[in-house]
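The next block holds one structure in the form of structure tokens; read it before the comments.
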Amino acid sequence: MGSDPVLKKRRAEWLVSLPTLVWLTLFVVVPTLLVFAIAFRPANPYGGIGAGWTLETVRSLWTPSNLAIAGRTLWISLLTTAISLVLAVPTGYTIARASARWRNRLLMLVIVPFWTSFLVRVFAWKSLLHPEGLIKKALETLGLVGPEATLLYHPAAVVLVMVYTFLPFTILPIYAAAEKFDLRLVEAARDLGARPFQAFRKVFLPGIRRGVMTAVLVVFIPSLGSYIIPDLVGGPAGEMLGNKIAQRVFTDRNLPHAAALSAVLVLAVLAPLVAVLVLQRKSKRADIVMGEAP
Amino acid sequence: MAEFLEFRGVSKRFGAVRAVDNVSLEIRKGEFFSLLGPSGCGKTTMLRLVGGFEEPDAGRVFLDGSDITGLPPDKRKVNTIFQSYALFPHMTVRDNIGFGLAIAKRPKKEIRDEVDRMLELIRMADQAAKKPDQLSGGQKQRVAVARALVNRPDVLLLDEPLAALDLKLRQKMLIELDLIHDEVGITFLYVTHDQAEAMSLSDRIAVMDGGRIEQVGAPAEIYESPRTGFVAAFIGDTNFLEGRVLDCPDREYCRLEIAGLAPVLGFNDRSLHAGQPITLSVRPEKVHISHDEPETKPQRNAFRAVVEDVIYLGANTKYWVRTGGHRVQVLRQHDRYFLDEKPLRWKDACWIFWHADDGFMLDQFRKADEGLLAVPPQRVGD
């Protein structure tokens, strides 16, 4: 049995992945389960966790204001994902088609924002959107907005800054997929009578579908859990679930309630993740059947 | 027959490279026409100019009497078979073949019937549900053919479609392409660097070099009477003998002065005059070799020679002989008659001879053309 090469390889794989597995179990799975558990414990008046078990907290989640915030979290995240994709697909395509020299320069431009702290960049947006800020003043000069209009503390400001933040994470996987894509397929589609947009939709998009799926994952999931961006540029009208959780922890000092909201968020994140993973595995399996290496 | 596809003074540059240099060419309806030349000669650019993937810097392209220069690929009634086949990997064989019809928004039933007809033509009806990655090279190639033909293009453009296949499969697909051309009867514009492919398939061939067309003609014409040194050397193998015209005793033949040889008789297929410099090209299989002096005949050129190399090739043997300072290659078929004869060996004295009609005078010859020969003659002094 020990000499079976397949079994040996499997055992080796287990050994190699064991540290990661232990790490993830200790610091991700266990804490997540703890949060789930706390949601079913009562709060005590000192901001801690009381004794016994209760369903009261979970039941109390179903309020109009919570639903409104959950709904806003969802649509802001969906809109952010959609806008990021719409911007990233042509950008990724253009970078992939550029000459080697330009490709590196353009990729550099995509990566440059990471040299500055995320927090600093969000603050920069805050001052840009401020009533006395550059963008507001410019729009006012152009006569596009009145002097009383507010750009800050609006859901649109949240979407704008979120798109700005997540765009590089969308561009990179799409660029990677577009770079591997055989552009002669687009020529073939054009040759067979497809107009440019038809060739793009019927041949190019399916060709980079894995890059698109990855991009959706890395934008949509962090968007759902956004906290800093809505906190700094959203105001009460741009509040998201992340802000609500923080409020429960720091202001209301109601840990079970925060835990219950977090659990809802975790489940909401897991659902699209599992869906995409299943889809990706399906397409990968299909590729293996077709004879392509995974 | 009127021209169907026409290039009129077409030029295309890529940076400093003249890929296509002022080419005018007419292709007839229903013809199997090949563009033949070494890589970088501009043949693929010519094809892409018809497909609409490149636009000429100068000149126009006409199809069936109308100017198609500047039209995007989807507005041209031509379809391409790409060298890599470019089958859509996420679609089945059926969807690949039906792509053009689906884009044209034809009724579902019509698409199904047309695709079925094509699957029948390429004998792959049982593979319709497969994805391209599950197909062999030959099958992919056939799907690519079907995907193009189903749209009934005016011209089918083929960009080295057999280059990715192994030899046996290539020979099989060659016959298949020929049959398909006979069956559908549309104009084929075929790009290849393989002279055997071009020879066996084409009605006419244009030999290209450096963005220019060297010669256009039927395969036999190209092979038997090449106009330039390039064509003579690129298509098949040959011997080049440089010299000048001595005199033309009669209308049909001239005597040629070639250094180191007695006057050579050459066929005067164009108006030659005394003193004119010429290059004579004689194909190795047109030159005969023997131990003994051949009997003298009116149009026979015969010279003493020494065997320098004997290369056994199976179906025939190649001899390199030296005569009057020239290295000449001779190709001889084996047959019973020669087997009885005493074999020719290295350093044997021998005779070589050919009929005057088998040598042809070139319009144009550059020293570089010799480099195209399978084994360039070594010019070592002796």
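By order of appearance in the structure tokens: chains A, B, ..., then residues from 1 within every chain, and ligands from 1 in the order shown.
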Neighbours of segment 206-215 of chain A within 8 Å (only C-alpha atoms; same-chain residues fewer than 6 positions away dropped), as a PyMOL selection string? (chain A and resi 85+169-171+173-178+181+276+280) or (chain B and resi 89-90)
Would you give me, as a PyMOL selection string, the residues in segment 57-118 of chain B that DSSP reads as strand (DSSP E or B)? chain B and resi 58-63+66-67+78-81
Selection file, C-alpha atoms, as a compact mmCIF listing (two decimals), in the first residue's frame:
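out-v1.txt, written as the output of this step:
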```
# COMPACT_ATOMS: atom_id res chain seq x y z
CA ALA B 58 -2.07 52.14 -52.15
CA GLY B 59 -4.15 50.42 -54.82
CA ARG B 60 -7.59 48.83 -54.80
CA VAL B 61 -9.04 45.34 -54.40
CA PHE B 62 -12.06 44.38 -56.50
CA LEU B 63 -14.40 41.45 -56.02
CA SER B 66 -17.08 46.04 -57.09
CA ASP B 67 -14.42 47.81 -55.07
CA VAL B 78 -15.24 36.03 -48.50
CA ASN B 79 -14.40 33.60 -45.73
CA THR B 80 -11.05 32.53 -44.35
CA ILE B 81 -9.61 29.27 -43.16
```
Residues within 10 Å of Leu224 of chain A, only C-alpha atoms, excluding chain neighbours under 5 positions, as a PyMOL selection string: chain A and resi 70+72-78+219+240-242+265-266+268-269
Grab the residues selected above and save them as a PDB file, in the first residue's frame with N, CA and C atoms.
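The resulting file, part-v3.pdb, is reproduced below:
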```pdb
ATOM      1  N   ALA A  70     -29.547  46.402   4.354  1.00  0.00           N
ATOM      2  CA  ALA A  70     -29.119  45.200   3.627  1.00  0.00           C
ATOM      3  C   ALA A  70     -29.352  45.395   2.136  1.00  0.00           C
ATOM      4  N   ARG A  72     -29.509  48.229   0.532  1.00  0.00           N
ATOM      5  CA  ARG A  72     -28.562  49.211   0.003  1.00  0.00           C
ATOM      6  C   ARG A  72     -27.177  48.581  -0.171  1.00  0.00           C
ATOM      7  N   THR A  73     -26.778  47.768   0.820  1.00  0.00           N
ATOM      8  CA  THR A  73     -25.482  47.082   0.731  1.00  0.00           C
ATOM      9  C   THR A  73     -25.422  46.253  -0.546  1.00  0.00           C
ATOM     10  N   LEU A  74     -26.531  45.542  -0.798  1.00  0.00           N
ATOM     11  CA  LEU A  74     -26.564  44.664  -1.968  1.00  0.00           C
ATOM     12  C   LEU A  74     -26.484  45.474  -3.260  1.00  0.00           C
ATOM     13  N   TRP A  75     -27.311  46.518  -3.378  1.00  0.00           N
ATOM     14  CA  TRP A  75     -27.309  47.207  -4.676  1.00  0.00           C
ATOM     15  C   TRP A  75     -26.042  48.020  -4.888  1.00  0.00           C
ATOM     16  N   ILE A  76     -25.491  48.582  -3.784  1.00  0.00           N
ATOM     17  CA  ILE A  76     -24.211  49.301  -3.952  1.00  0.00           C
ATOM     18  C   ILE A  76     -23.126  48.321  -4.422  1.00  0.00           C
ATOM     19  N   SER A  77     -23.133  47.119  -3.837  1.00  0.00           N
ATOM     20  CA  SER A  77     -22.115  46.127  -4.214  1.00  0.00           C
ATOM     21  C   SER A  77     -22.310  45.669  -5.654  1.00  0.00           C
ATOM     22  N   LEU A  78     -23.571  45.415  -6.021  1.00  0.00           N
ATOM     23  CA  LEU A  78     -23.844  44.962  -7.388  1.00  0.00           C
ATOM     24  C   LEU A  78     -23.460  46.042  -8.394  1.00  0.00           C
ATOM     25  N   VAL A 219     -14.423  41.666  -6.343  1.00  0.00           N
ATOM     26  CA  VAL A 219     -15.053  42.967  -6.153  1.00  0.00           C
ATOM     27  C   VAL A 219     -16.321  42.833  -5.310  1.00  0.00           C
ATOM     28  N   MET A 240     -23.884  51.168   5.149  1.00  0.00           N
ATOM     29  CA  MET A 240     -23.956  49.780   4.704  1.00  0.00           C
ATOM     30  C   MET A 240     -23.882  48.859   5.916  1.00  0.00           C
ATOM     31  N   LEU A 241     -24.033  47.557   5.656  1.00  0.00           N
ATOM     32  CA  LEU A 241     -24.061  46.587   6.756  1.00  0.00           C
ATOM     33  C   LEU A 241     -22.819  46.685   7.640  1.00  0.00           C
ATOM     34  N   GLY A 242     -21.669  46.897   7.000  1.00  0.00           N
ATOM     35  CA  GLY A 242     -20.421  47.003   7.749  1.00  0.00           C
ATOM     36  C   GLY A 242     -20.499  48.095   8.815  1.00  0.00           C
ATOM     37  N   LEU A 265     -24.062  38.560   6.958  1.00  0.00           N
ATOM     38  CA  LEU A 265     -23.121  39.019   5.932  1.00  0.00           C
ATOM     39  C   LEU A 265     -22.243  37.868   5.435  1.00  0.00           C
ATOM     40  N   VAL A 266     -21.750  37.060   6.396  1.00  0.00           N
ATOM     41  CA  VAL A 266     -20.897  35.926   6.012  1.00  0.00           C
ATOM     42  C   VAL A 266     -21.665  34.994   5.091  1.00  0.00           C
ATOM     43  N   ALA A 268     -24.182  35.756   3.209  1.00  0.00           N
ATOM     44  CA  ALA A 268     -24.409  36.443   1.935  1.00  0.00           C
ATOM     45  C   ALA A 268     -23.151  36.402   1.063  1.00  0.00           C
ATOM     46  N   VAL A 269     -21.980  36.426   1.713  1.00  0.00           N
ATOM     47  CA  VAL A 269     -20.721  36.361   0.958  1.00  0.00           C
ATOM     48  C   VAL A 269     -20.470  34.951   0.460  1.00  0.00           C
TER      49      VAL A 269
END
```
Residues near Arg300 of chain B, cut-off 10 Å, only C-alpha atoms, skip fewer than 5 positions along chain, as a list in words: Val264, Leu265, Gly266, Pro294, Glu295, Phe353, Trp354, His355, Ala356, Asp357 and Asp358 of chain B
When you get a sec, could you note down which chain A residues fall within 6 Å of chain B, using only C-alpha atoms, as a ChimeraX atom specification? /A:185,190-194,290
Please identify the helix (DSSP H, G or I) residues within segment 138-240 of chain B (assignment by DSSP from backbone atoms) and present them as an NGL selection string. :B and (138-149 or 167-184 or 195-201 or 219-224 or 229-234)
Requested write-out: N, CA and C atoms of the selected residues, as a tab-separated table (two decimals), in the first residue's frame:
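Generated file (result25.tsv):
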```
chain	number	residue	atom	x	y	z
B	138	GLY	N	-6.78	16.92	-38.16
B	138	GLY	CA	-7.46	16.82	-39.44
B	138	GLY	C	-8.94	17.17	-39.31
B	139	GLN	N	-9.54	16.74	-38.19
B	139	GLN	CA	-10.97	17.04	-37.98
B	139	GLN	C	-11.19	18.53	-37.79
B	140	LYS	N	-10.29	19.16	-37.01
B	140	LYS	CA	-10.39	20.61	-36.81
B	140	LYS	C	-10.34	21.32	-38.14
B	141	GLN	N	-9.43	20.85	-38.98
B	141	GLN	CA	-9.25	21.47	-40.28
B	141	GLN	C	-10.54	21.36	-41.10
B	142	ARG	N	-11.17	20.20	-41.04
B	142	ARG	CA	-12.39	20.00	-41.82
B	142	ARG	C	-13.52	20.87	-41.27
B	143	VAL	N	-13.57	21.02	-39.94
B	143	VAL	CA	-14.60	21.89	-39.36
B	143	VAL	C	-14.37	23.34	-39.82
B	144	ALA	N	-13.09	23.74	-39.85
B	144	ALA	CA	-12.79	25.10	-40.29
B	144	ALA	C	-13.24	25.29	-41.74
B	145	VAL	N	-13.05	24.28	-42.57
B	145	VAL	CA	-13.49	24.35	-43.97
B	145	VAL	C	-15.01	24.49	-44.02
B	146	ALA	N	-15.69	23.65	-43.25
B	146	ALA	CA	-17.16	23.67	-43.26
B	146	ALA	C	-17.69	25.01	-42.74
B	147	ARG	N	-17.05	25.53	-41.68
B	147	ARG	CA	-17.52	26.76	-41.07
B	147	ARG	C	-17.44	27.92	-42.07
B	148	ALA	N	-16.43	27.86	-42.95
B	148	ALA	CA	-16.30	28.91	-43.95
B	148	ALA	C	-17.26	28.68	-45.12
B	149	LEU	N	-17.32	27.42	-45.59
B	149	LEU	CA	-18.09	27.14	-46.81
B	149	LEU	C	-19.58	27.29	-46.62
B	167	LEU	N	2.71	14.76	-42.32
B	167	LEU	CA	2.81	14.53	-43.76
B	167	LEU	C	1.65	13.69	-44.32
B	168	LYS	N	1.37	12.55	-43.68
B	168	LYS	CA	0.34	11.63	-44.21
B	168	LYS	C	-1.02	12.32	-44.24
B	169	LEU	N	-1.33	13.00	-43.13
B	169	LEU	CA	-2.61	13.68	-43.01
B	169	LEU	C	-2.70	14.81	-44.03
B	170	ARG	N	-1.56	15.46	-44.25
B	170	ARG	CA	-1.51	16.56	-45.20
B	170	ARG	C	-1.87	16.05	-46.59
B	171	GLN	N	-1.32	14.89	-46.95
B	171	GLN	CA	-1.60	14.33	-48.27
B	171	GLN	C	-3.07	13.98	-48.40
B	172	LYS	N	-3.64	13.48	-47.31
B	172	LYS	CA	-5.06	13.10	-47.32
B	172	LYS	C	-5.94	14.35	-47.48
B	173	MET	N	-5.60	15.38	-46.68
B	173	MET	CA	-6.41	16.59	-46.71
B	173	MET	C	-6.28	17.31	-48.04
B	174	LEU	N	-5.12	17.13	-48.67
B	174	LEU	CA	-4.88	17.73	-49.98
B	174	LEU	C	-5.92	17.22	-50.97
B	175	ILE	N	-6.10	15.90	-50.96
B	175	ILE	CA	-7.07	15.29	-51.87
B	175	ILE	C	-8.47	15.76	-51.50
B	176	GLU	N	-8.72	15.84	-50.19
B	176	GLU	CA	-10.04	16.25	-49.73
B	176	GLU	C	-10.37	17.68	-50.16
B	177	LEU	N	-9.38	18.58	-50.00
B	177	LEU	CA	-9.60	19.97	-50.40
B	177	LEU	C	-9.91	20.06	-51.89
B	178	ASP	N	-9.19	19.24	-52.66
B	178	ASP	CA	-9.38	19.23	-54.10
B	178	ASP	C	-10.80	18.79	-54.43
B	179	LEU	N	-11.26	17.73	-53.74
B	179	LEU	CA	-12.62	17.23	-53.97
B	179	LEU	C	-13.65	18.28	-53.59
B	180	ILE	N	-13.42	18.94	-52.45
B	180	ILE	CA	-14.36	19.96	-51.98
B	180	ILE	C	-14.43	21.10	-52.99
B	181	HIS	N	-13.27	21.48	-53.52
B	181	HIS	CA	-13.27	22.55	-54.52
B	181	HIS	C	-14.09	22.15	-55.74
B	182	ASP	N	-13.91	20.90	-56.19
B	182	ASP	CA	-14.67	20.42	-57.34
B	182	ASP	C	-16.16	20.44	-57.04
B	183	GLU	N	-16.50	20.07	-55.80
B	183	GLU	CA	-17.90	19.93	-55.44
B	183	GLU	C	-18.60	21.28	-55.31
B	184	VAL	N	-17.98	22.24	-54.60
B	184	VAL	CA	-18.68	23.51	-54.34
B	184	VAL	C	-18.45	24.52	-55.45
B	195	GLN	N	5.65	24.05	-52.29
B	195	GLN	CA	5.44	24.00	-53.73
B	195	GLN	C	4.66	22.76	-54.15
B	196	ALA	N	4.85	21.64	-53.41
B	196	ALA	CA	4.14	20.42	-53.79
B	196	ALA	C	2.63	20.62	-53.64
B	197	GLU	N	2.23	21.28	-52.52
B	197	GLU	CA	0.81	21.57	-52.31
B	197	GLU	C	0.27	22.44	-53.44
B	198	ALA	N	0.99	23.51	-53.73
B	198	ALA	CA	0.53	24.44	-54.75
B	198	ALA	C	0.44	23.75	-56.10
B	199	MET	N	1.44	22.96	-56.43
B	199	MET	CA	1.49	22.27	-57.72
B	199	MET	C	0.30	21.32	-57.88
B	200	SER	N	0.03	20.54	-56.83
B	200	SER	CA	-0.95	19.48	-57.00
B	200	SER	C	-2.38	20.01	-56.97
B	201	LEU	N	-2.62	21.17	-56.34
B	201	LEU	CA	-4.00	21.64	-56.19
B	201	LEU	C	-4.41	22.68	-57.21
B	219	PRO	N	0.66	25.31	-63.10
B	219	PRO	CA	1.79	24.64	-62.45
B	219	PRO	C	2.86	24.17	-63.45
B	220	ALA	N	2.44	23.56	-64.56
B	220	ALA	CA	3.41	23.03	-65.52
B	220	ALA	C	4.22	24.17	-66.14
B	221	GLU	N	3.53	25.27	-66.41
B	221	GLU	CA	4.18	26.44	-67.00
B	221	GLU	C	5.26	26.98	-66.05
B	222	ILE	N	4.88	27.08	-64.77
B	222	ILE	CA	5.81	27.59	-63.76
B	222	ILE	C	7.03	26.69	-63.65
B	223	TYR	N	6.78	25.39	-63.71
B	223	TYR	CA	7.88	24.45	-63.53
B	223	TYR	C	8.73	24.34	-64.79
B	224	GLU	N	8.06	24.25	-65.93
B	224	GLU	CA	8.79	23.97	-67.17
B	224	GLU	C	9.44	25.22	-67.76
B	229	GLY	N	15.25	33.49	-62.04
B	229	GLY	CA	16.08	32.59	-61.28
B	229	GLY	C	15.40	32.16	-59.99
B	230	PHE	N	14.66	33.12	-59.40
B	230	PHE	CA	13.98	32.80	-58.14
B	230	PHE	C	12.97	31.68	-58.34
B	231	VAL	N	12.15	31.81	-59.38
B	231	VAL	CA	11.13	30.79	-59.63
B	231	VAL	C	11.79	29.45	-59.95
B	232	ALA	N	12.82	29.48	-60.78
B	232	ALA	CA	13.49	28.24	-61.17
B	232	ALA	C	14.06	27.53	-59.95
B	233	ALA	N	14.61	28.31	-59.02
B	233	ALA	CA	15.26	27.70	-57.87
B	233	ALA	C	14.27	27.35	-56.77
B	234	PHE	N	13.20	28.15	-56.64
B	234	PHE	CA	12.25	27.92	-55.55
B	234	PHE	C	11.35	26.72	-55.86
```
My list of candidates is A:Leu18, A:Ile245, A:Ala189, A:Val29. Which is closest to Ser226 of chain A when distances are computed with only C-alpha atoms?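 Closest to Ser226 of chain A of all the choices is A:Ile245.
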Find the residues near Arg204 of chain B: any atom within 6 Å, counting only C-alpha atoms, skip ones fewer than 2 places away on the same chain, and give them as a list of chain:residue names.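 Skipping anything fewer than 2 positions along the chain leaves B:Phe33, B:Ser202, B:Gly217, B:Ala218.
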Which residues come within 12 Å of Tyr253 of chain B, counting only C-alpha atoms, excluding same-chain residues fewer than 6 positions away, as a ChimeraX atom specification? /B:245-247,263-274,298-300,355-357,359-361
Same residues, N, CA and C atoms, saved as a PDB file, in the first residue's frame:
```pdb
ATOM      1  N   VAL B 245      25.194  35.106 -75.265  1.00  0.00           N
ATOM      2  CA  VAL B 245      24.808  34.528 -76.552  1.00  0.00           C
ATOM      3  C   VAL B 245      25.963  34.695 -77.533  1.00  0.00           C
ATOM      4  N   LEU B 246      26.340  33.593 -78.169  1.00  0.00           N
ATOM      5  CA  LEU B 246      27.427  33.631 -79.149  1.00  0.00           C
ATOM      6  C   LEU B 246      26.853  34.039 -80.514  1.00  0.00           C
ATOM      7  N   ASP B 247      25.942  33.239 -80.991  1.00  0.00           N
ATOM      8  CA  ASP B 247      25.245  33.577 -82.231  1.00  0.00           C
ATOM      9  C   ASP B 247      23.980  32.743 -82.341  1.00  0.00           C
ATOM     10  N   PRO B 263      30.553  25.478 -76.900  1.00  0.00           N
ATOM     11  CA  PRO B 263      29.288  26.209 -77.078  1.00  0.00           C
ATOM     12  C   PRO B 263      28.072  25.340 -76.772  1.00  0.00           C
ATOM     13  N   VAL B 264      27.153  25.904 -75.993  1.00  0.00           N
ATOM     14  CA  VAL B 264      25.948  25.181 -75.567  1.00  0.00           C
ATOM     15  C   VAL B 264      24.796  25.637 -76.446  1.00  0.00           C
ATOM     16  N   LEU B 265      23.997  24.673 -76.882  1.00  0.00           N
ATOM     17  CA  LEU B 265      22.850  25.013 -77.710  1.00  0.00           C
ATOM     18  C   LEU B 265      21.655  25.280 -76.795  1.00  0.00           C
ATOM     19  N   GLY B 266      21.007  26.404 -77.034  1.00  0.00           N
ATOM     20  CA  GLY B 266      19.853  26.730 -76.196  1.00  0.00           C
ATOM     21  C   GLY B 266      18.656  27.108 -77.038  1.00  0.00           C
ATOM     22  N   PHE B 267      17.450  26.791 -76.535  1.00  0.00           N
ATOM     23  CA  PHE B 267      16.213  27.102 -77.248  1.00  0.00           C
ATOM     24  C   PHE B 267      15.973  28.604 -77.169  1.00  0.00           C
ATOM     25  N   ASN B 268      15.706  29.215 -78.298  1.00  0.00           N
ATOM     26  CA  ASN B 268      15.503  30.660 -78.371  1.00  0.00           C
ATOM     27  C   ASN B 268      14.020  30.977 -78.263  1.00  0.00           C
ATOM     28  N   ASP B 269      13.511  30.982 -77.021  1.00  0.00           N
ATOM     29  CA  ASP B 269      12.076  31.209 -76.867  1.00  0.00           C
ATOM     30  C   ASP B 269      11.754  32.699 -76.784  1.00  0.00           C
ATOM     31  N   ARG B 270      12.770  33.539 -76.766  1.00  0.00           N
ATOM     32  CA  ARG B 270      12.527  34.982 -76.831  1.00  0.00           C
ATOM     33  C   ARG B 270      13.618  35.556 -77.725  1.00  0.00           C
ATOM     34  N   SER B 271      13.417  36.748 -78.176  1.00  0.00           N
ATOM     35  CA  SER B 271      14.357  37.252 -79.173  1.00  0.00           C
ATOM     36  C   SER B 271      15.712  37.553 -78.559  1.00  0.00           C
ATOM     37  N   LEU B 272      16.613  36.609 -78.694  1.00  0.00           N
ATOM     38  CA  LEU B 272      17.964  36.791 -78.182  1.00  0.00           C
ATOM     39  C   LEU B 272      18.830  37.353 -79.293  1.00  0.00           C
ATOM     40  N   HIS B 273      19.842  38.095 -78.882  1.00  0.00           N
ATOM     41  CA  HIS B 273      20.779  38.578 -79.893  1.00  0.00           C
ATOM     42  C   HIS B 273      22.200  38.337 -79.422  1.00  0.00           C
ATOM     43  N   ALA B 274      23.102  38.264 -80.377  1.00  0.00           N
ATOM     44  CA  ALA B 274      24.493  37.935 -80.077  1.00  0.00           C
ATOM     45  C   ALA B 274      25.058  38.917 -79.053  1.00  0.00           C
ATOM     46  N   PRO B 298      21.249  16.276 -83.291  1.00  0.00           N
ATOM     47  CA  PRO B 298      21.280  17.704 -83.652  1.00  0.00           C
ATOM     48  C   PRO B 298      21.111  18.662 -82.476  1.00  0.00           C
ATOM     49  N   GLN B 299      20.124  18.438 -81.594  1.00  0.00           N
ATOM     50  CA  GLN B 299      19.893  19.416 -80.527  1.00  0.00           C
ATOM     51  C   GLN B 299      20.421  18.935 -79.177  1.00  0.00           C
ATOM     52  N   ARG B 300      21.380  18.042 -79.224  1.00  0.00           N
ATOM     53  CA  ARG B 300      21.873  17.509 -77.966  1.00  0.00           C
ATOM     54  C   ARG B 300      23.137  18.237 -77.538  1.00  0.00           C
ATOM     55  N   HIS B 355      18.869  17.742 -73.975  1.00  0.00           N
ATOM     56  CA  HIS B 355      18.303  18.300 -75.201  1.00  0.00           C
ATOM     57  C   HIS B 355      18.213  19.819 -75.057  1.00  0.00           C
ATOM     58  N   ALA B 356      18.481  20.527 -76.123  1.00  0.00           N
ATOM     59  CA  ALA B 356      18.497  21.993 -76.073  1.00  0.00           C
ATOM     60  C   ALA B 356      17.166  22.555 -75.568  1.00  0.00           C
ATOM     61  N   ASP B 357      16.053  21.873 -75.876  1.00  0.00           N
ATOM     62  CA  ASP B 357      14.739  22.364 -75.444  1.00  0.00           C
ATOM     63  C   ASP B 357      14.548  22.288 -73.926  1.00  0.00           C
ATOM     64  N   GLY B 359      16.714  23.191 -71.663  1.00  0.00           N
ATOM     65  CA  GLY B 359      17.315  24.307 -70.938  1.00  0.00           C
ATOM     66  C   GLY B 359      16.464  25.539 -71.199  1.00  0.00           C
ATOM     67  N   PHE B 360      16.284  26.397 -70.196  1.00  0.00           N
ATOM     68  CA  PHE B 360      15.504  27.601 -70.456  1.00  0.00           C
ATOM     69  C   PHE B 360      16.270  28.824 -69.985  1.00  0.00           C
ATOM     70  N   MET B 361      16.120  29.893 -70.754  1.00  0.00           N
ATOM     71  CA  MET B 361      16.829  31.127 -70.459  1.00  0.00           C
ATOM     72  C   MET B 361      15.978  31.990 -69.536  1.00  0.00           C
TER      73      MET B 361
END
```
Can you list, as a ChimeraX atom specification, every protein, DNA or RNA residue that comes within 7 Å of Leu106 of chain A when you count only C-alpha atoms, leaving out same-chain residues fewer than 4 positions away? /A:95,102,110
